[in-house]
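Trainee: This one is structure.txt, compact mmCIF, C-alpha atoms.
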```
# COMPACT_ATOMS: atom_id res chain seq x y z
CA MET A 1 -48.94 110.80 -62.73
CA LEU A 2 -46.81 113.47 -64.35
CA LYS A 3 -45.84 113.21 -68.00
CA ALA A 4 -43.31 114.93 -70.23
CA LYS A 5 -42.77 115.41 -73.93
CA TYR A 6 -40.60 112.64 -75.40
CA PHE A 7 -38.20 112.87 -78.34
CA LYS A 8 -36.07 110.32 -80.11
CA ALA A 9 -32.33 110.80 -80.56
CA THR A 10 -33.00 112.40 -83.97
CA GLY A 11 -35.36 114.99 -82.47
CA GLU A 12 -38.51 113.30 -83.75
CA ALA A 13 -41.43 113.61 -81.33
CA GLY A 14 -42.81 110.50 -79.69
CA ASP A 15 -45.62 109.66 -77.30
CA ALA A 16 -45.90 111.41 -73.95
CA TRP A 17 -43.46 109.86 -71.50
CA GLN A 18 -44.54 109.02 -67.96
CA LEU A 19 -42.10 110.38 -65.41
CA PRO A 20 -41.05 107.93 -62.66
CA GLU A 21 -43.30 108.30 -59.62
CA ASP A 22 -40.51 107.89 -57.08
CA LEU A 23 -38.87 111.04 -58.46
CA PHE A 24 -41.99 112.90 -59.59
CA ASP A 25 -44.69 112.42 -56.98
CA GLY A 26 -46.38 115.80 -57.53
CA VAL A 27 -45.48 117.22 -54.11
CA VAL A 28 -44.21 120.82 -54.19
CA ASN A 29 -42.99 122.43 -50.98
CA GLU A 30 -42.20 126.02 -51.95
CA ALA A 31 -40.86 126.96 -48.52
CA VAL A 32 -38.25 124.20 -48.66
CA VAL A 33 -37.30 125.17 -52.22
CA HIS A 34 -36.78 128.75 -51.08
CA GLN A 35 -34.68 127.58 -48.15
CA ALA A 36 -32.51 125.41 -50.38
CA ILE A 37 -31.90 128.22 -52.88
CA LYS A 38 -30.95 130.62 -50.07
CA ALA A 39 -28.48 128.07 -48.71
CA TYR A 40 -27.02 127.46 -52.18
CA LEU A 41 -26.46 131.17 -52.83
CA ALA A 42 -25.00 131.67 -49.36
CA ASN A 43 -22.56 128.82 -49.93
CA GLN A 44 -21.30 130.52 -53.11
CA ARG A 45 -20.06 133.49 -51.09
CA GLN A 46 -16.34 133.45 -50.39
CA GLY A 47 -16.56 135.68 -47.32
CA THR A 48 -13.05 137.06 -47.89
CA ALA A 49 -13.93 140.79 -47.78
CA ALA A 50 -11.81 142.50 -45.15
CA THR A 51 -11.04 146.01 -43.89
CA LYS A 52 -8.50 147.29 -41.37
CA THR A 53 -9.53 148.85 -38.11
CA ARG A 54 -7.36 151.57 -36.57
CA GLY A 55 -5.36 148.91 -34.74
CA PHE A 56 -4.19 147.36 -38.04
CA VAL A 57 -3.37 150.52 -40.02
CA LYS A 58 0.33 151.25 -40.28
CA GLY A 59 1.64 154.39 -38.62
CA GLY A 60 0.00 156.84 -36.25
CA GLY A 61 1.94 155.89 -33.14
CA LYS A 62 2.88 159.44 -32.28
CA LYS A 63 0.40 161.95 -30.88
CA ILE A 64 -0.24 164.54 -33.57
CA TRP A 65 0.01 167.61 -31.36
CA ARG A 66 -0.04 168.31 -27.69
CA GLN A 67 -3.26 167.93 -25.79
CA LYS A 68 -3.76 171.58 -24.84
CA GLY A 69 -2.75 175.04 -25.91
CA THR A 70 -3.01 174.73 -29.68
CA GLY A 71 -6.60 175.92 -30.05
CA ARG A 72 -7.45 172.82 -32.00
CA ALA A 73 -9.40 169.78 -31.02
CA ARG A 74 -7.42 167.06 -29.27
CA GLN A 75 -6.22 164.27 -31.52
CA GLY A 76 -4.53 161.03 -30.59
CA SER A 77 -3.56 159.43 -33.90
CA ILE A 78 -3.67 160.11 -37.62
CA ARG A 79 -5.02 156.56 -38.01
CA ALA A 80 -8.27 157.35 -36.21
CA PRO A 81 -11.37 156.56 -38.33
CA HIS A 82 -12.20 160.21 -39.02
CA TRP A 83 -8.76 160.88 -40.50
CA LYS A 84 -7.95 160.25 -44.17
CA GLY A 85 -6.11 156.95 -44.42
CA GLY A 86 -7.32 155.92 -41.00
CA GLY A 87 -9.03 152.73 -39.93
CA VAL A 88 -12.52 151.64 -40.98
CA VAL A 89 -15.36 151.48 -38.50
CA PHE A 90 -17.71 148.47 -38.68
CA GLY A 91 -16.20 147.30 -41.97
CA PRO A 92 -16.50 143.74 -43.28
CA HIS A 93 -14.22 141.02 -41.94
CA PRO A 94 -13.64 137.45 -43.19
CA ARG A 95 -16.47 135.15 -42.21
CA ASP A 96 -18.06 131.88 -43.23
CA TYR A 97 -21.48 132.15 -44.87
CA HIS A 98 -21.92 128.39 -45.23
CA GLN A 99 -25.35 126.94 -44.46
CA ASP A 100 -26.08 123.25 -43.95
CA LEU A 101 -29.43 121.64 -44.68
CA PRO A 102 -30.59 118.24 -43.41
CA LYS A 103 -30.46 115.49 -46.00
CA LYS A 104 -34.23 115.01 -46.02
CA VAL A 105 -34.75 118.74 -46.59
CA ARG A 106 -32.31 118.73 -49.51
CA LEU A 107 -34.03 115.72 -51.11
CA LEU A 108 -37.50 117.23 -50.63
CA ALA A 109 -36.38 120.55 -52.13
CA ARG A 110 -34.82 118.85 -55.17
CA LYS A 111 -37.89 116.69 -55.73
CA SER A 112 -40.17 119.72 -55.33
CA ALA A 113 -38.18 121.66 -57.93
CA PHE A 114 -38.50 118.87 -60.49
CA ASN A 115 -42.20 118.45 -59.70
CA LEU A 116 -42.77 122.16 -60.24
CA ARG A 117 -41.09 122.08 -63.62
CA ALA A 118 -43.08 118.97 -64.60
CA GLN A 119 -46.39 120.53 -63.55
CA ASN A 120 -45.60 123.58 -65.68
CA GLU A 121 -44.78 121.31 -68.66
CA GLN A 122 -41.20 122.55 -68.78
CA ILE A 123 -39.55 119.12 -68.96
CA SER A 124 -38.69 117.25 -72.14
CA VAL A 125 -37.12 113.79 -72.30
CA ILE A 126 -34.78 112.69 -75.08
CA GLU A 127 -33.91 109.09 -75.86
CA ARG A 128 -30.15 109.74 -75.92
CA PHE A 129 -27.53 112.09 -77.35
CA ASP A 130 -25.85 110.61 -80.42
CA ILE A 131 -22.84 112.89 -80.74
CA ASP A 132 -19.54 111.39 -81.84
CA ALA A 133 -17.53 114.61 -81.62
CA PRO A 134 -18.05 118.08 -80.11
CA LYS A 135 -19.93 120.26 -82.58
CA THR A 136 -22.19 123.14 -81.62
CA ARG A 137 -24.16 123.08 -84.86
CA THR A 138 -25.23 119.49 -84.28
CA LEU A 139 -26.83 120.31 -80.94
CA THR A 140 -28.37 123.61 -82.02
CA ASP A 141 -30.07 121.80 -84.90
CA LEU A 142 -31.31 119.15 -82.46
CA PHE A 143 -32.63 121.78 -80.06
CA GLY A 144 -34.41 123.46 -82.96
CA ARG A 145 -36.18 120.25 -83.97
CA ILE A 146 -37.21 119.63 -80.36
CA GLY A 147 -38.30 123.23 -79.83
CA VAL A 148 -36.09 124.08 -76.84
CA GLY A 149 -33.22 126.47 -76.31
CA GLN A 150 -35.04 129.74 -76.95
CA ARG A 151 -34.90 130.41 -73.20
CA LYS A 152 -32.58 129.22 -70.43
CA LEU A 153 -32.11 125.51 -71.05
CA LEU A 154 -30.73 122.96 -68.59
CA VAL A 155 -29.56 119.74 -70.25
CA LEU A 156 -29.28 116.82 -67.84
CA THR A 157 -27.35 113.82 -69.10
CA ALA A 158 -27.23 110.28 -67.74
CA ASP A 159 -23.54 110.66 -66.91
CA ALA A 160 -20.67 113.01 -67.71
CA ASN A 161 -20.94 113.52 -71.48
CA GLN A 162 -17.91 115.47 -72.65
CA ASN A 163 -19.11 115.82 -76.25
CA VAL A 164 -22.42 117.38 -75.22
CA TYR A 165 -20.70 119.67 -72.73
CA LEU A 166 -18.12 120.91 -75.22
CA SER A 167 -20.76 121.37 -77.93
CA THR A 168 -22.76 123.76 -75.74
CA ARG A 169 -19.87 125.56 -74.09
CA ASN A 170 -20.31 128.69 -76.21
CA LEU A 171 -24.12 128.75 -76.04
CA GLN A 172 -25.11 131.46 -73.58
CA ASN A 173 -28.50 130.09 -72.53
CA VAL A 174 -27.58 126.39 -72.31
CA LYS A 175 -26.08 124.59 -69.32
CA VAL A 176 -25.10 120.90 -69.34
CA MET A 177 -24.50 118.65 -66.33
CA PRO A 178 -25.20 115.09 -65.17
CA PHE A 179 -28.68 114.58 -63.73
CA SER A 180 -27.26 113.54 -60.35
CA GLN A 181 -25.39 116.85 -59.98
CA ALA A 182 -28.30 119.20 -60.68
CA SER A 183 -29.09 121.35 -57.67
CA VAL A 184 -32.37 123.02 -56.76
CA TYR A 185 -30.92 126.33 -57.93
CA ASP A 186 -29.95 124.89 -61.33
CA VAL A 187 -33.45 123.48 -61.87
CA MET A 188 -35.26 126.64 -60.77
CA ASN A 189 -32.89 128.96 -62.63
CA ALA A 190 -33.67 127.27 -65.96
CA ASN A 191 -36.83 127.84 -67.98
CA GLU A 192 -36.65 124.50 -69.77
CA LEU A 193 -35.24 121.09 -68.89
CA LEU A 194 -34.08 118.49 -71.41
CA ILE A 195 -33.32 115.21 -69.66
CA GLU A 196 -31.70 112.14 -71.18
CA GLU A 197 -33.82 109.03 -70.67
CA GLY A 198 -30.94 107.05 -69.19
CA ALA A 199 -30.60 109.60 -66.39
CA PHE A 200 -33.81 108.35 -64.78
CA ASN A 201 -32.60 104.76 -64.81
CA ALA A 202 -29.32 105.77 -63.17
CA ALA A 203 -31.18 107.82 -60.56
CA GLN A 204 -33.55 104.95 -59.74
CA GLU A 205 -30.64 102.51 -59.40
CA GLY A 206 -28.87 104.94 -57.08
CA SER A 207 -31.92 105.33 -54.86
CA THR A 208 -32.38 101.55 -54.74
CA ASN A 209 -28.78 100.96 -53.72
CA ALA A 210 -29.01 103.66 -51.06
```
As structure tokens, what does this structure read like?
Mentor:
Amino acid sequence: MLKAKYFKATGEAGDAWQLPEDLFDGVVNEAVVHQAIKAYLANQRQGTAATKTRGFVKGGGKKIWRQKGTGRARQGSIRAPHWKGGGVVFGPHPRDYHQDLPKKVRLLARKSAFNLRAQNEQISVIERFDIDAPKTRTLTDLFGRIGVGQRKLLVLTADANQNVYLSTRNLQNVKVMPFSQASVYDVMNANELLIEEGAFNAAQEGSTNA
């Protein structure tokens, strides 16, 4: 059974909190995590880089000089690759870098990432976020009382919390998103995770309904 540090909404420390076993079963498959991160980064690529070959460069329809008798090497077009302004050889062309992973592989990778963070004691659970209006100082003070935020921090809320998101928008090392939207890359890219308690309940209800 994996446990995490627990904090009340005020930042006061509580007893160790047992993480739900259906989400934190202790299994870590590093190969699948690596595969999921590679697929995520590949899917971020736009693949719009393009160059023109000699067939797409404007001009160069006329032969530069006659084939023989000039004493110079024969040339067919000023748009040949070895001419300035000519076409590009083996340059990039638009392509799709998208990679698909089976659903079971994605779920195993996500679970493995959370298990790895839990085993390294990099997960903290907070009762809830009591923020009535967006204010950065309120959250920075809360992070200070909890002892997180010195390194890359991923805050996972139970649902879309606009006040928390806006309060951390100008904090360089803090990223906020709903727990259900956190990818393997997000979890592994962060050094610390602060998860709202209600996020686990929502995740368990979603898995039950599925």
Trainee: Have a look at CA of Ala190 in chain A and CA of Pro134 in chain A and let me know their distance in Å, one decimal.
Mentor: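 The value is 23.0 Å.
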Trainee: Select, from A:Val125, A:Ala73, A:Ala160, A:Leu171, the residue with the minimum atom-to-atom distance to Leu139 in chain A, counting only C-alpha atoms.
Mentor: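 The closest residue to Leu139 in chain A is A:Leu171.
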Trainee: Which neighbours of Pro94 in chain A fall inside 6 Å, counting only C-alpha atoms, when residues of the same chain fewer than 2 positions from it are skipped, and could you give them as an NGL selection string?
Mentor: :A and (47-50)
Trainee: Show me, as a PyMOL selection string, the residues that have an atom within 10 Å of Gln172 in chain A when counting all atoms listed in the file, minus same-chain residues fewer than 6 positions from it.
Mentor: chain A and resi 149+151-153
Trainee: Restricting the output to C-alpha atoms, write the selected residues as a PDB file, in the frame of the given file.
Mentor:
```
ATOM      1  CA  GLY A 149     -33.220 126.470 -76.310  1.00  0.00           C
ATOM      2  CA  ARG A 151     -34.900 130.410 -73.200  1.00  0.00           C
ATOM      3  CA  LYS A 152     -32.580 129.220 -70.430  1.00  0.00           C
ATOM      4  CA  LEU A 153     -32.110 125.510 -71.050  1.00  0.00           C
TER       5      LEU A 153
END
```
Trainee: Could you give me, as a ChimeraX atom specification, the residues within 12 Å of Leu142 in chain A, counting all atoms listed in the file and dropping anything in the same chain fewer than 3 positions from it?
Mentor: /A:7-13,126,128-131,135-139,145-149,164,167-168,194
Trainee: List the spatial neighbours of Ile123 in chain A as number ranges by chain - criterion: any atom at most 9 Å away, only C-alpha atoms, same-chain residues fewer than 6 positions off excluded.
Mentor: A: 3-5, 114, 117, 192-195
Trainee: So the first atom is CA of Leu156 in chain A and the second is CA of Val32 in chain A; what is the distance between them in Å, to one decimal place?
Mentor: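 Computing the Euclidean distance for CA of Leu156 in chain A and CA of Val32 in chain A yields 22.4 Å.
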Trainee: Which residues of range 55-158 of chain A come within 9 Å of range 34-44 of chain A, and for each one, what is the closest pair of atoms and their distance in Å to one decimal, counting all atoms listed in the file, sorted by chain and residue number, as a tab-separated table?
Mentor:
```
residue	atom	partner	partner_atom	distance
A:Asp96	CA	A:Asn43	CA	8.6
A:Tyr97	CA	A:Ala42	CA	5.7
A:His98	CA	A:Asn43	CA	4.8
A:Gln99	CA	A:Ala39	CA	5.4
A:Asp100	CA	A:Ala39	CA	7.2
A:Leu101	CA	A:Ala36	CA	7.5
A:Val105	CA	A:Ala36	CA	8.0
A:Arg106	CA	A:Ala36	CA	6.7
A:Ala109	CA	A:Ala36	CA	6.5
A:Arg110	CA	A:Ala36	CA	8.4
```
Trainee: Near Asp25 in chain A, within 10 Å and counting all atoms listed in the file, which residues show up once chain neighbours fewer than 4 positions away are dropped, as a ChimeraX atom specification?
Mentor: /A:1-2,19-21,111-112,114-115
Trainee: I'd like the interatomic distance between CA of Ala31 in chain A and CA of Asn173 in chain A, to a tenth of an Å.
Mentor: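 One can read the CA of Ala31 in chain A to CA of Asn173 in chain A distance as 27.2 Å.
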Trainee: Out of A:Asn120, A:Gln18, A:Gln46, A:Ser77, which residue has the shortest atom-to-atom distance to Lys58 in chain A when counting only C-alpha atoms?
Mentor: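 Nearest candidate to Lys58 in chain A out of A:Asn120, A:Gln18, A:Gln46, A:Ser77: A:Ser77.
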Trainee: Closest to Ala182 in chain A among A:Thr157, A:Arg74, A:Ala118, A:Val57, using all atoms listed in the file?
Mentor: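 Counting all atoms listed in the file, the residue closest to Ala182 in chain A is A:Thr157.
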Trainee: May I ask which of the residues A:Phe24, A:Glu127, A:Val88, A:Gly76 is the closest one to Glu197 in chain A, counting all atoms listed in the file?
Mentor: A:Glu127
